[in-house]
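Peer 1: input25.cif is reproduced in full below (mmCIF, C-alpha atoms and all ligand atoms).
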data_data
#
loop_
_atom_site.group_PDB
_atom_site.id
_atom_site.type_symbol
_atom_site.label_atom_id
_atom_site.label_comp_id
_atom_site.auth_asym_id
_atom_site.auth_seq_id
_atom_site.Cartn_x
_atom_site.Cartn_y
_atom_site.Cartn_z
ATOM 1 C CA ASP A 1 2.218 13.126 -15.668
ATOM 2 C CA ARG A 2 4.926 12.255 -13.178
ATOM 3 C CA ASP A 3 5.269 15.846 -11.974
ATOM 4 C CA LEU A 4 1.698 16.213 -10.744
ATOM 5 C CA PRO A 5 0.902 14.935 -7.284
ATOM 6 C CA LEU A 6 -1.172 11.776 -7.518
ATOM 7 C CA LEU A 7 -2.526 12.283 -4.030
ATOM 8 C CA GLN A 8 -3.063 15.405 -1.971
ATOM 9 C CA VAL A 9 -4.342 15.257 1.568
ATOM 10 C CA ARG A 10 -5.209 18.424 3.456
ATOM 11 C CA GLY A 11 -6.300 18.721 7.067
ATOM 12 C CA LEU A 12 -7.628 15.164 7.093
ATOM 13 C CA THR A 13 -9.361 14.123 10.298
ATOM 14 C CA ALA A 14 -10.905 10.724 11.062
ATOM 15 C CA GLY A 15 -11.427 8.316 13.930
ATOM 16 C CA TYR A 16 -13.614 5.645 15.396
ATOM 17 C CA GLY A 17 -16.485 7.238 17.251
ATOM 18 C CA ALA A 18 -15.864 10.287 19.399
ATOM 19 C CA ALA A 19 -12.074 10.200 19.767
ATOM 20 C CA PRO A 20 -10.186 11.518 16.742
ATOM 21 C CA VAL A 21 -7.242 9.405 15.531
ATOM 22 C CA LEU A 22 -6.131 11.482 12.549
ATOM 23 C CA ARG A 23 -5.846 15.120 13.664
ATOM 24 C CA GLY A 24 -5.196 17.103 10.523
ATOM 25 C CA ILE A 25 -2.995 15.127 8.139
ATOM 26 C CA ASP A 26 -1.287 16.980 5.284
ATOM 27 C CA LEU A 27 0.430 14.918 2.581
ATOM 28 C CA THR A 28 1.510 15.369 -1.015
ATOM 29 C CA ILE A 29 2.422 12.207 -2.897
ATOM 30 C CA ARG A 30 4.051 12.488 -6.314
ATOM 31 C CA THR A 31 3.238 10.006 -9.057
ATOM 32 C CA GLY A 32 5.701 7.136 -9.366
ATOM 33 C CA THR A 33 7.195 7.443 -5.902
ATOM 34 C CA ILE A 34 7.348 5.226 -2.844
ATOM 35 C CA THR A 35 6.570 6.917 0.462
ATOM 36 C CA ALA A 36 7.356 5.187 3.747
ATOM 37 C CA VAL A 37 4.769 5.978 6.421
ATOM 38 C CA LEU A 38 6.507 5.612 9.778
ATOM 39 C CA GLY A 39 5.710 6.251 13.423
ATOM 40 C CA ALA A 40 5.115 4.565 16.761
ATOM 41 C CA ASN A 41 2.330 2.079 17.479
ATOM 42 C CA GLY A 42 -0.967 3.886 17.639
ATOM 43 C CA ALA A 43 0.260 6.937 15.711
ATOM 44 C CA GLY A 44 -2.505 6.435 13.145
ATOM 45 C CA LYS A 45 -0.693 4.794 10.198
ATOM 46 C CA THR A 46 -3.251 2.038 9.667
ATOM 47 C CA THR A 47 -6.115 4.467 10.155
ATOM 48 C CA LEU A 48 -4.600 6.743 7.512
ATOM 49 C CA LEU A 49 -4.527 3.925 4.945
ATOM 50 C CA ARG A 50 -8.050 2.837 5.894
ATOM 51 C CA THR A 51 -9.323 6.381 5.489
ATOM 52 C CA LEU A 52 -7.622 6.860 2.116
ATOM 53 C CA SER A 53 -9.094 3.612 0.809
ATOM 54 C CA GLY A 54 -12.618 4.487 1.952
ATOM 55 C CA LEU A 55 -12.917 2.004 4.831
ATOM 56 C CA VAL A 56 -13.015 4.754 7.451
ATOM 57 C CA ARG A 57 -15.062 7.877 6.742
ATOM 58 C CA PRO A 58 -13.217 11.160 7.082
ATOM 59 C CA THR A 59 -14.719 13.633 9.546
ATOM 60 C CA GLY A 60 -12.970 16.587 7.947
ATOM 61 C CA GLY A 61 -10.394 17.758 5.429
ATOM 62 C CA ARG A 62 -9.791 16.858 1.809
ATOM 63 C CA ILE A 63 -8.430 13.873 -0.131
ATOM 64 C CA VAL A 64 -7.680 14.609 -3.784
ATOM 65 C CA LEU A 65 -6.698 11.708 -6.065
ATOM 66 C CA ALA A 66 -5.421 12.699 -9.516
ATOM 67 C CA GLY A 67 -7.141 16.053 -9.245
ATOM 68 C CA GLU A 68 -10.508 14.735 -8.046
ATOM 69 C CA GLU A 69 -11.824 14.993 -4.513
ATOM 70 C CA ILE A 70 -12.691 11.551 -3.130
ATOM 71 C CA GLY A 71 -13.886 12.407 0.396
ATOM 72 C CA ALA A 72 -16.623 9.817 1.000
ATOM 73 C CA THR A 73 -16.466 7.812 -2.231
ATOM 74 C CA PRO A 74 -17.486 4.131 -1.860
ATOM 75 C CA VAL A 75 -14.620 1.622 -1.839
ATOM 76 C CA GLU A 76 -15.698 0.004 -5.110
ATOM 77 C CA ARG A 77 -15.486 3.313 -6.971
ATOM 78 C CA LEU A 78 -12.107 4.079 -5.437
ATOM 79 C CA VAL A 79 -10.834 0.725 -6.709
ATOM 80 C CA ARG A 80 -12.054 1.651 -10.184
ATOM 81 C CA ARG A 81 -10.143 4.905 -9.889
ATOM 82 C CA GLY A 82 -6.899 3.162 -9.141
ATOM 83 C CA MET A 83 -6.725 2.734 -5.381
ATOM 84 C CA ALA A 84 -5.619 -0.660 -4.029
ATOM 85 C CA HIS A 85 -5.255 -1.449 -0.343
ATOM 86 C CA VAL A 86 -3.409 -4.464 1.064
ATOM 87 C CA PRO A 87 -4.440 -4.498 4.724
ATOM 88 C CA GLU A 88 -2.367 -5.525 7.713
ATOM 89 C CA GLY A 89 -2.871 -9.252 8.137
ATOM 90 C CA ARG A 90 -3.190 -9.404 4.366
ATOM 91 C CA GLY A 91 -6.859 -10.210 3.842
ATOM 92 C CA VAL A 92 -6.327 -13.354 1.787
ATOM 93 C CA VAL A 93 -9.535 -15.401 1.652
ATOM 94 C CA THR A 94 -8.170 -18.685 2.993
ATOM 95 C CA GLU A 95 -11.200 -20.708 1.852
ATOM 96 C CA LEU A 96 -10.530 -19.777 -1.779
ATOM 97 C CA THR A 97 -7.758 -20.984 -4.058
ATOM 98 C CA VAL A 98 -4.824 -18.852 -5.144
ATOM 99 C CA GLU A 99 -6.447 -18.295 -8.538
ATOM 100 C CA GLU A 100 -9.828 -17.410 -7.026
ATOM 101 C CA ASN A 101 -8.173 -14.870 -4.735
ATOM 102 C CA LEU A 102 -6.383 -13.296 -7.665
ATOM 103 C CA ARG A 103 -9.611 -13.131 -9.678
ATOM 104 C CA LEU A 104 -11.193 -11.179 -6.837
ATOM 105 C CA GLY A 105 -8.671 -8.454 -7.587
ATOM 106 C CA GLY A 106 -10.024 -8.122 -11.108
ATOM 107 C CA LEU A 107 -13.697 -8.334 -10.180
ATOM 108 C CA TRP A 108 -14.425 -4.656 -10.782
ATOM 109 C CA ARG A 109 -12.444 -4.389 -14.011
ATOM 110 C CA ARG A 110 -14.472 -3.613 -17.124
ATOM 111 C CA ASP A 111 -11.609 -4.563 -19.447
ATOM 112 C CA ARG A 112 -11.805 -8.340 -19.012
ATOM 113 C CA ALA A 113 -8.995 -9.035 -21.496
ATOM 114 C CA ASP A 114 -6.618 -6.831 -19.541
ATOM 115 C CA ALA A 115 -7.737 -8.350 -16.229
ATOM 116 C CA LYS A 116 -6.638 -11.714 -17.645
ATOM 117 C CA ARG A 117 -3.308 -10.229 -18.803
ATOM 118 C CA ALA A 118 -2.750 -8.711 -15.362
ATOM 119 C CA LEU A 119 -3.390 -12.105 -13.761
ATOM 120 C CA ASP A 120 -0.816 -13.749 -16.038
ATOM 121 C CA GLU A 121 1.670 -11.013 -15.172
ATOM 122 C CA VAL A 122 1.194 -11.699 -11.463
ATOM 123 C CA TYR A 123 1.987 -15.371 -12.087
ATOM 124 C CA GLU A 124 5.161 -14.303 -13.906
ATOM 125 C CA LEU A 125 6.095 -12.026 -11.030
ATOM 126 C CA PHE A 126 5.431 -14.640 -8.341
ATOM 127 C CA ALA A 127 6.501 -18.086 -9.500
ATOM 128 C CA PRO A 128 5.361 -19.800 -6.258
ATOM 129 C CA LEU A 129 1.799 -18.610 -6.918
ATOM 130 C CA ALA A 130 1.877 -19.944 -10.473
ATOM 131 C CA ARG A 131 2.932 -23.329 -9.144
ATOM 132 C CA ARG A 132 0.108 -23.358 -6.584
ATOM 133 C CA ARG A 133 -2.844 -21.938 -8.536
ATOM 134 C CA ARG A 134 -5.251 -24.529 -7.172
ATOM 135 C CA ALA A 135 -3.938 -24.575 -3.601
ATOM 136 C CA SER A 136 -6.274 -23.008 -1.071
ATOM 137 C CA GLY A 137 -5.226 -19.933 0.861
ATOM 138 C CA HIS A 138 -4.786 -21.767 4.143
ATOM 139 C CA GLN A 139 -2.185 -24.101 2.577
ATOM 140 C CA LEU A 140 0.141 -21.190 1.830
ATOM 141 C CA SER A 141 3.124 -20.035 3.854
ATOM 142 C CA GLY A 142 3.225 -16.531 5.307
ATOM 143 C CA GLY A 143 5.421 -15.330 2.463
ATOM 144 C CA GLU A 144 3.136 -16.851 -0.154
ATOM 145 C CA ARG A 145 0.094 -15.228 1.455
ATOM 146 C CA GLN A 146 1.816 -11.887 1.329
ATOM 147 C CA MET A 147 2.612 -12.452 -2.360
ATOM 148 C CA LEU A 148 -1.009 -13.391 -2.947
ATOM 149 C CA ALA A 149 -2.353 -10.292 -1.210
ATOM 150 C CA LEU A 150 0.022 -8.124 -3.200
ATOM 151 C CA GLY A 151 -0.755 -10.018 -6.413
ATOM 152 C CA ARG A 152 -4.470 -9.575 -5.901
ATOM 153 C CA ALA A 153 -3.973 -5.819 -5.521
ATOM 154 C CA LEU A 154 -1.851 -5.726 -8.691
ATOM 155 C CA VAL A 155 -4.521 -7.526 -10.768
ATOM 156 C CA ALA A 156 -6.594 -4.363 -10.292
ATOM 157 C CA ARG A 157 -3.763 -2.397 -12.010
ATOM 158 C CA PRO A 158 -3.683 0.235 -9.306
ATOM 159 C CA ARG A 159 -2.174 3.676 -9.665
ATOM 160 C CA LEU A 160 -1.876 4.011 -5.918
ATOM 161 C CA LEU A 161 -0.968 1.002 -3.801
ATOM 162 C CA LEU A 162 -1.544 1.254 -0.041
ATOM 163 C CA LEU A 163 0.499 -1.411 1.739
ATOM 164 C CA ASP A 164 0.112 -2.043 5.452
ATOM 165 C CA GLU A 165 3.067 -3.824 7.076
ATOM 166 C CA PRO A 166 3.999 -6.144 4.211
ATOM 167 C CA SER A 167 7.030 -7.435 6.152
ATOM 168 C CA LEU A 168 4.987 -8.569 9.173
ATOM 169 C CA GLY A 169 5.993 -12.118 10.074
ATOM 170 C CA LEU A 170 8.210 -12.584 7.038
ATOM 171 C CA ALA A 171 11.826 -13.705 6.896
ATOM 172 C CA PRO A 172 14.267 -10.858 6.125
ATOM 173 C CA LYS A 173 15.012 -12.411 2.737
ATOM 174 C CA VAL A 174 11.340 -12.409 1.707
ATOM 175 C CA THR A 175 10.951 -8.840 2.968
ATOM 176 C CA ALA A 176 13.914 -7.788 0.850
ATOM 177 C CA GLN A 177 12.345 -9.462 -2.198
ATOM 178 C CA ILE A 178 9.110 -7.558 -1.677
ATOM 179 C CA MET A 179 10.968 -4.258 -1.375
ATOM 180 C CA THR A 180 12.874 -4.982 -4.597
ATOM 181 C CA LEU A 181 9.610 -5.829 -6.339
ATOM 182 C CA LEU A 182 8.064 -2.518 -5.251
ATOM 183 C CA ARG A 183 11.058 -0.638 -6.596
ATOM 184 C CA ASP A 184 10.821 -2.504 -9.935
ATOM 185 C CA LEU A 185 7.106 -1.796 -10.248
ATOM 186 C CA ARG A 186 7.705 1.871 -9.524
ATOM 187 C CA ASP A 187 10.466 2.074 -12.128
ATOM 188 C CA ARG A 188 8.744 -0.005 -14.815
ATOM 189 C CA THR A 189 5.129 1.075 -14.458
ATOM 190 C CA GLY A 190 5.152 4.336 -12.534
ATOM 191 C CA LEU A 191 3.283 2.743 -9.636
ATOM 192 C CA THR A 192 2.859 4.992 -6.617
ATOM 193 C CA VAL A 193 3.135 3.345 -3.206
ATOM 194 C CA LEU A 194 2.310 4.312 0.361
ATOM 195 C CA LEU A 195 4.149 1.842 2.540
ATOM 196 C CA VAL A 196 3.384 1.506 6.245
ATOM 197 C CA GLU A 197 6.223 -0.337 7.963
ATOM 198 C CA GLN A 198 7.530 -1.107 11.426
ATOM 199 C CA ASN A 199 10.684 -2.218 9.671
ATOM 200 C CA VAL A 200 12.008 1.320 9.200
ATOM 201 C CA ARG A 201 15.322 0.382 7.638
ATOM 202 C CA SER A 202 13.886 -1.807 4.911
ATOM 203 C CA ALA A 203 11.126 0.719 4.163
ATOM 204 C CA LEU A 204 13.617 3.576 3.838
ATOM 205 C CA SER A 205 15.874 1.403 1.675
ATOM 206 C CA VAL A 206 13.330 1.555 -1.178
ATOM 207 C CA ALA A 207 11.405 4.731 -0.375
ATOM 208 C CA ASP A 208 11.828 8.062 -2.134
ATOM 209 C CA SER A 209 10.347 9.925 0.803
ATOM 210 C CA GLY A 210 9.327 9.259 4.345
ATOM 211 C CA VAL A 211 6.664 10.723 6.573
ATOM 212 C CA VAL A 212 6.578 10.227 10.312
ATOM 213 C CA LEU A 213 3.214 10.287 12.086
ATOM 214 C CA ALA A 214 2.806 11.069 15.762
ATOM 215 C CA LEU A 215 -0.557 11.371 17.503
ATOM 216 C CA GLY A 216 -2.378 11.527 14.200
ATOM 217 C CA GLN A 217 -0.306 14.271 12.617
ATOM 218 C CA VAL A 218 2.604 14.400 10.188
ATOM 219 C CA VAL A 219 5.626 15.545 12.196
ATOM 220 C CA VAL A 220 8.282 14.914 9.528
ATOM 221 C CA ALA A 221 8.059 14.782 5.734
ATOM 222 C CA GLU A 222 11.487 14.372 4.137
ATOM 223 C CA ASP A 223 13.444 12.750 1.348
ATOM 224 C CA ALA A 224 14.154 9.160 2.336
ATOM 225 C CA ALA A 225 17.851 9.771 1.712
ATOM 226 C CA ARG A 226 17.861 12.493 4.358
ATOM 227 C CA LEU A 227 16.033 10.279 6.830
ATOM 228 C CA ARG A 228 18.575 7.527 6.184
ATOM 229 C CA GLU A 229 21.578 9.780 6.582
ATOM 230 C CA ASP A 230 20.677 12.488 9.082
ATOM 231 C CA ASP A 231 21.586 11.105 12.518
ATOM 232 C CA ASP A 232 19.704 13.805 14.433
ATOM 233 C CA LEU A 233 16.477 13.265 12.511
ATOM 234 C CA ARG A 234 16.754 9.519 12.881
ATOM 235 C CA HIS A 235 17.442 9.681 16.616
ATOM 236 C CA ALA A 236 14.660 12.177 17.242
ATOM 237 C CA TYR A 237 11.901 10.572 15.215
ATOM 238 C CA LEU A 238 12.811 7.010 14.359
ATOM 239 C CA GLY A 239 14.605 5.935 17.509
ATOM 240 C CA PHE A 240 17.762 4.454 16.005
HETATM 241 P P1 LIG A 301 0.003 0.028 14.774
HETATM 242 O O1 LIG A 301 1.371 -0.027 14.215
HETATM 243 O O2 LIG A 301 -0.088 -0.418 16.190
HETATM 244 O O3 LIG A 301 -1.048 -0.583 13.883
HETATM 245 P P2 LIG A 301 -0.875 2.573 13.818
HETATM 246 O O4 LIG A 301 0.028 3.757 13.733
HETATM 247 O O5 LIG A 301 -1.203 1.870 12.568
HETATM 248 O O6 LIG A 301 -0.308 1.596 14.883
HETATM 249 P P3 LIG A 301 -3.697 2.762 14.190
HETATM 250 O O7 LIG A 301 -3.868 1.307 14.042
HETATM 251 O O8 LIG A 301 -4.149 3.633 13.092
HETATM 252 O O9 LIG A 301 -2.191 3.110 14.511
HETATM 253 O O10 LIG A 301 -4.389 3.188 15.543
HETATM 254 C C1 LIG A 301 -4.473 4.539 15.983
HETATM 255 C C2 LIG A 301 -5.377 4.638 17.208
HETATM 256 O O11 LIG A 301 -6.707 4.261 16.837
HETATM 257 C C3 LIG A 301 -4.973 3.728 18.339
HETATM 258 O O12 LIG A 301 -5.134 4.444 19.527
HETATM 259 C C4 LIG A 301 -5.979 2.600 18.266
HETATM 260 O O13 LIG A 301 -6.222 2.078 19.553
HETATM 261 C C5 LIG A 301 -7.204 3.255 17.688
HETATM 262 N N1 LIG A 301 -7.995 2.309 16.873
HETATM 263 C C6 LIG A 301 -7.545 1.610 15.820
HETATM 264 N N2 LIG A 301 -8.512 0.853 15.268
HETATM 265 C C7 LIG A 301 -9.636 1.092 16.003
HETATM 266 C C8 LIG A 301 -10.989 0.612 15.958
HETATM 267 N N3 LIG A 301 -11.378 -0.242 15.014
HETATM 268 N N4 LIG A 301 -11.845 1.081 16.885
HETATM 269 C C9 LIG A 301 -11.447 1.960 17.836
HETATM 270 N N5 LIG A 301 -10.204 2.445 17.937
HETATM 271 C C10 LIG A 301 -9.296 2.025 17.048
#
Take the structure in this file and express it as structure tokens.
Peer 2:
Amino acid sequence: DRDLPLLQVRGLTAGYGAAPVLRGIDLTIRTGTITAVLGANGAGKTTLLRTLSGLVRPTGGRIVLAGEEIGATPVERLVRRGMAHVPEGRGVVTELTVEENLRLGGLWRRDRADAKRALDEVYELFAPLARRRRASGHQLSGGERQMLALGRALVARPRLLLLDEPSLGLAPKVTAQIMTLLRDLRDRTGLTVLLVEQNVRSALSVADSGVVLALGQVVVAEDAARLREDDDLRHAYLGF
């Protein structure tokens, strides 16, 4: 149901050791929307994604995915429940081939036939990957690695895609292609995306909403259109 929030986060706290990084995050993410997660270096964007995907343990608060609390659920079970995380730096296994990397994305799937279908769909989506199935990860360009990381996440048929800095190191044209792809996936399949980006303009160009983090808290949560158009908001929180 597109009207129910897919993800609700309330008072989420987390960190590395004694110092808290997330200091009470509140978020409501509707199904089938793209949310840009913005904010200065060190604001906690990466830590937020890592906590949602189970890599960092919350120290407090609640995370509710499709109505079920997922506080300290192991990563593997979160993947089964529709969470996919593409980390900053992409996490492609460079020793493995393109095809082997993509198969990793389907490792936890019980429906093997659909895992195979999803893999074929990724090859349709990303022609360069289809051409280089047997190439190893370290032979790929930056753009191809980003496609591969995204493709691997899509083989898991996620409901919620957590993307950390997909534009990092990519040419503007490739970044634009990735943003268009996200929009298509949202429109065609109802995919829900949390998109962490330094590239504020390109993130807001596809996002439905935007949240700005500062010092581990949400300081703005707005329609992306308002963030694009409201000069005062942009100057105050996004610095342009
Ligand atoms: P950036 O755009 O620089 O990645 P960010 O908003 O994603 O910024 P985080 O990476 O979440 O911010 O970092 C938030 C804070 O947590 C920073 O002060 C950072 O130094 C600290 N931090 C991040 N990772 C670790 C870690 N593995 N161990 C200890 N501290 C960390």
Peer 1: Between A:Ala224, A:Leu4, A:Leu168, A:Val9, which has the minimum distance to ligand LIG 301 (chain A) (counting only C-alpha atoms and all ligand atoms)?
Peer 2: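 For ligand LIG 301 (chain A), the nearest of the candidates is A:Leu168.
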Peer 1: List the residues selected by the PyMOL selection byres (((chain A and resi 211) around 8) and not hetatm) in the file shown, writing them as a list of chain:residue names.
Peer 2: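 Taken over the shown coordinates, the PyMOL selection byres (((chain A and resi 211) around 8) and not hetatm) returns A:Thr35, A:Ala36, A:Val37, A:Leu38, A:Ser209, A:Gly210, A:Val212, A:Leu213, A:Val218, A:Val219, A:Val220, A:Ala221, A:Glu222.
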Peer 1: Enclose ligand LIG 301 (chain A), meaning all of its atoms listed in the file, in a box aligned along x, y and z, pad it by 3 Å on each side, and list the centre and edge lengths in Å to one decimal, as lines of an AutoDock Vina configuration file.
Peer 2:
center_x = -5.2
center_y = 2.0
center_z = 16.1
size_x = 19.2
size_y = 11.2
size_z = 13.0
Peer 1: Here is a test: counting all atoms listed in the file, which residue of A:Ala135, A:Asp223, A:Gly106, A:Val21 is nearest to Val56 in chain A?
Peer 2: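 The shortest atom-to-atom distance to Val56 in chain A comes from A:Val21.
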Peer 1: Could you list, with a cut-off of 10 Å and counting only C-alpha atoms and all ligand atoms, the residues of chain A near ligand LIG 301 (chain A), each shown with its nearest atom pair and the distance in Å rounded to one decimal, rows sorted by chain and ascending number, as CSV?
Peer 2:
residue,atom,partner,partner_atom,distance
A:Ala14,CA,A:LIG301,O11,9.6
A:Gly15,CA,A:LIG301,O11,6.9
A:Tyr16,CA,A:LIG301,C9,4.9
A:Gly17,CA,A:LIG301,C9,7.3
A:Ala18,CA,A:LIG301,C9,9.6
A:Ala19,CA,A:LIG301,N5,8.2
A:Pro20,CA,A:LIG301,O11,8.0
A:Val21,CA,A:LIG301,O11,5.3
A:Leu22,CA,A:LIG301,C1,7.9
A:Val37,CA,A:LIG301,O4,9.0
A:Leu38,CA,A:LIG301,O4,7.8
A:Gly39,CA,A:LIG301,O4,6.2
A:Ala40,CA,A:LIG301,O4,6.0
A:Asn41,CA,A:LIG301,O2,3.7
A:Gly42,CA,A:LIG301,O9,3.4
A:Ala43,CA,A:LIG301,O4,3.8
A:Gly44,CA,A:LIG301,O8,3.2
A:Lys45,CA,A:LIG301,O4,3.8
A:Thr46,CA,A:LIG301,O5,3.6
A:Thr47,CA,A:LIG301,O8,3.6
A:Leu48,CA,A:LIG301,O8,6.4
A:Leu49,CA,A:LIG301,O8,8.2
A:Arg50,CA,A:LIG301,O8,8.2
A:Thr51,CA,A:LIG301,O8,9.6
A:Val56,CA,A:LIG301,N3,9.2
A:Glu88,CA,A:LIG301,O3,8.0
A:Asp164,CA,A:LIG301,O5,8.2
A:Glu165,CA,A:LIG301,O1,8.3
A:Val196,CA,A:LIG301,O5,7.8
A:Glu197,CA,A:LIG301,O1,7.9
A:Gln198,CA,A:LIG301,O1,6.8
A:Val212,CA,A:LIG301,O4,9.8
A:Leu213,CA,A:LIG301,O4,7.5
A:Ala214,CA,A:LIG301,O4,8.1
A:Leu215,CA,A:LIG301,C1,8.0
A:Gly216,CA,A:LIG301,C1,7.5
Peer 1: Residues near Thr31 in chain A, anyone? I mean within 10 Å using all atoms listed in the file, not counting same-chain ones fewer than 4 positions away, as a list in words.
Peer 2: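 My reading of the contact set: Asp1, Arg2, Asp3, Leu4, Pro5, Leu6, Leu7, Ala66, Arg159, Leu160, Arg186, Gly190, Leu191, Thr192 and Val193 of chain A.
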Peer 1: Out of A:Leu170, A:Gln8, A:Pro158, A:Asp111, which residue has the shortest atom-to-atom distance to Glu68 in chain A when counting only C-alpha atoms?
Peer 2: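 Nearest candidate to Glu68 in chain A out of A:Leu170, A:Gln8, A:Pro158, A:Asp111: A:Gln8.
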Peer 1: My list of candidates is A:Arg81, A:Arg145, A:Arg201, A:Lys116. Which is closest to Val64 in chain A when distances are computed with all atoms listed in the file?
Peer 2: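 The answer is A:Arg81, which sits nearest to Val64 in chain A.
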Peer 1: Please evaluate the PyMOL selection byres (((chain A and resi 107) around 12) and not hetatm) against the displayed coordinates and give the resulting residues as a list in words.
Peer 2: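 Applied to this file, the PyMOL selection byres (((chain A and resi 107) around 12) and not hetatm) selects Glu76, Val79, Arg80, Glu100, Asn101, Leu102, Arg103, Leu104, Gly105, Gly106, Trp108, Arg109, Arg110, Asp111, Arg112, Asp114, Ala115, Lys116, Leu119, Arg152, Ala153, Val155, Ala156 and Arg157 of chain A.
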Peer 1: Check what the PyMOL selection byres (((chain A and resi 26) around 7) and not hetatm) selects in the file above and give those residues as number ranges by chain.
Peer 2: A: 9-12, 24-25, 27, 218
Peer 1: Considering all atoms listed in the file, return as a ChimeraX atom specification whatever protein or nucleic-acid residues lie within 10 Å of Gly169 in chain A, sequence-local ones (same chain, fewer than 3 positions apart) excluded.
Peer 2: /A:89,142-143,146,165-166,172,174-175
Peer 1: Here is a test: counting all atoms listed in the file, which residue of A:Thr97, A:Thr59, A:Thr13, A:Ser53 is nearest to Leu78 in chain A?
Peer 2: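 Nearest candidate to Leu78 in chain A out of A:Thr97, A:Thr59, A:Thr13, A:Ser53: A:Ser53.
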Peer 1: For Leu125 in chain A, which residue among A:Val98, A:Leu162, A:Gly60, A:Leu150 is the nearest when counting all atoms listed in the file?
Peer 2: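 The closest residue to Leu125 in chain A is A:Leu150.
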Peer 1: May I ask for the distance between CA of Leu161 in chain A and CA of Ala84 in chain A, given in Å to one decimal place?
Peer 2: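 Those two atoms sit 4.9 Å apart.
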Peer 1: For CA of Asp231 in chain A and CA of Ala203 in chain A, quote the distance in Å rounded to one decimal.
Peer 2: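 Separation of CA of Asp231 in chain A and CA of Ala203 in chain A: 16.9 Å.
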Peer 1: May I ask for the distance between CA of Thr33 in chain A and CA of Asp230 in chain A, given in Å to one decimal place?
Peer 2: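 Taking CA of Thr33 in chain A and CA of Asp230 in chain A, their separation equals 20.8 Å.
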